[in-house]
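Participant: Have a look at the structure that comes next, please.
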Amino acid sequence: RKEVEQDPGPFNVPEGATVAFNCTYSNSASQSFFWYRQDCRKEPKLLMSVYSSGNEDGRFTAQLNRASQYISLLIRDSKLSDSATYLCVVRGLNTGGFKTIFGAGTRLFVKA
Amino acid sequence: EAGVAQSPRYKIIEKRQSVAFWCNPISGHATLYWYQQILGQGPKLLIQFQNNGVVDDSQLPKDRFSAERLKGVDSTLKIQPAKLEDSAVYLCASSPNAGGAGAFFGQGTRLTVV
């Protein structure tokens, strides 16, 4: 089992739709969680951290379920500019220190 | 605030040649990461520094890859000798610490080995 797994893509949605991505992780000792966005041929950019109580930033809502070991990202009212790859990132303590693992990413295409 | 700087942006070399990449992290960031991203995949951590010490290099192919972070600021990643499968984007990232803060990435170096 991969340490971090994401929904396979691509997701093709119309403008205005609501779309959700899930990400599961295997290390129960994981402590920090993030969603990154990566545009084609660009570097990943931090979209938002994920907090235990869930958090919202405009149209984006992130949630963490420690019991089931997954995090989710919900995008409401999708825009064309939301088209990108969304990367789930999990950070946890190992013997050498904090280890950061990226998922393979989920591609989103928002169509007019 | 200046971001993470990387150079070169692009590099084409022949297999068995050597190549080096340079990274200057955001000022004050103690943690520096080197990632390899192959087309269609998520970034894979090669090495993580905390100041000038190595925290994690478990996925670094040490027979051909090496990295250093002298004085806990700039870092270089070297490949010697390069193989065809090393063709990828090499991303440098930094964060204030190794804990809860997200990391910020440079634009990456796109390496093509022919």
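How things are named: the first chain in the structure tokens is A, the next is B, and so on; residues count from 1 in each chain; ligands count from 1 in the order shown.
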Identify all chain B residues at most 6 Å from chain A by counting only C-alpha atoms; ligands do not count. Present them as a ChimeraX atom specification.

Facilitator: /B:41-42,55,100,107

Participant: Excluding same-chain residues fewer than 5 positions from Gln69 (chain A), what lies within 10 Å of it counting only C-alpha atoms, as a PyMOL selection string?

Facilitator: chain A and resi 4+23-30+64

Participant: Set the distance at 8 Å and use only C-alpha atoms: which residues neighbour Val73 (chain B) once local chain neighbours fewer than 6 positions away are removed? I'd like the list as JSON, numbers by chain.

Facilitator: {"B": [24, 25, 30, 51, 52]}

Participant: Suppose we keep C-alpha atoms; can you now write the selection as a PDB file, in the first residue's frame?

Facilitator:
ATOM      1  CA  ASN B  24      18.737  29.277  -2.638  1.00  0.00           C
ATOM      2  CA  PRO B  25      15.864  28.940  -0.160  1.00  0.00           C
ATOM      3  CA  ALA B  30      15.657  26.162   8.244  1.00  0.00           C
ATOM      4  CA  ASN B  51      19.828  23.641   8.698  1.00  0.00           C
ATOM      5  CA  ASN B  52      22.940  21.874   7.368  1.00  0.00           C
TER       6      ASN B  52
END
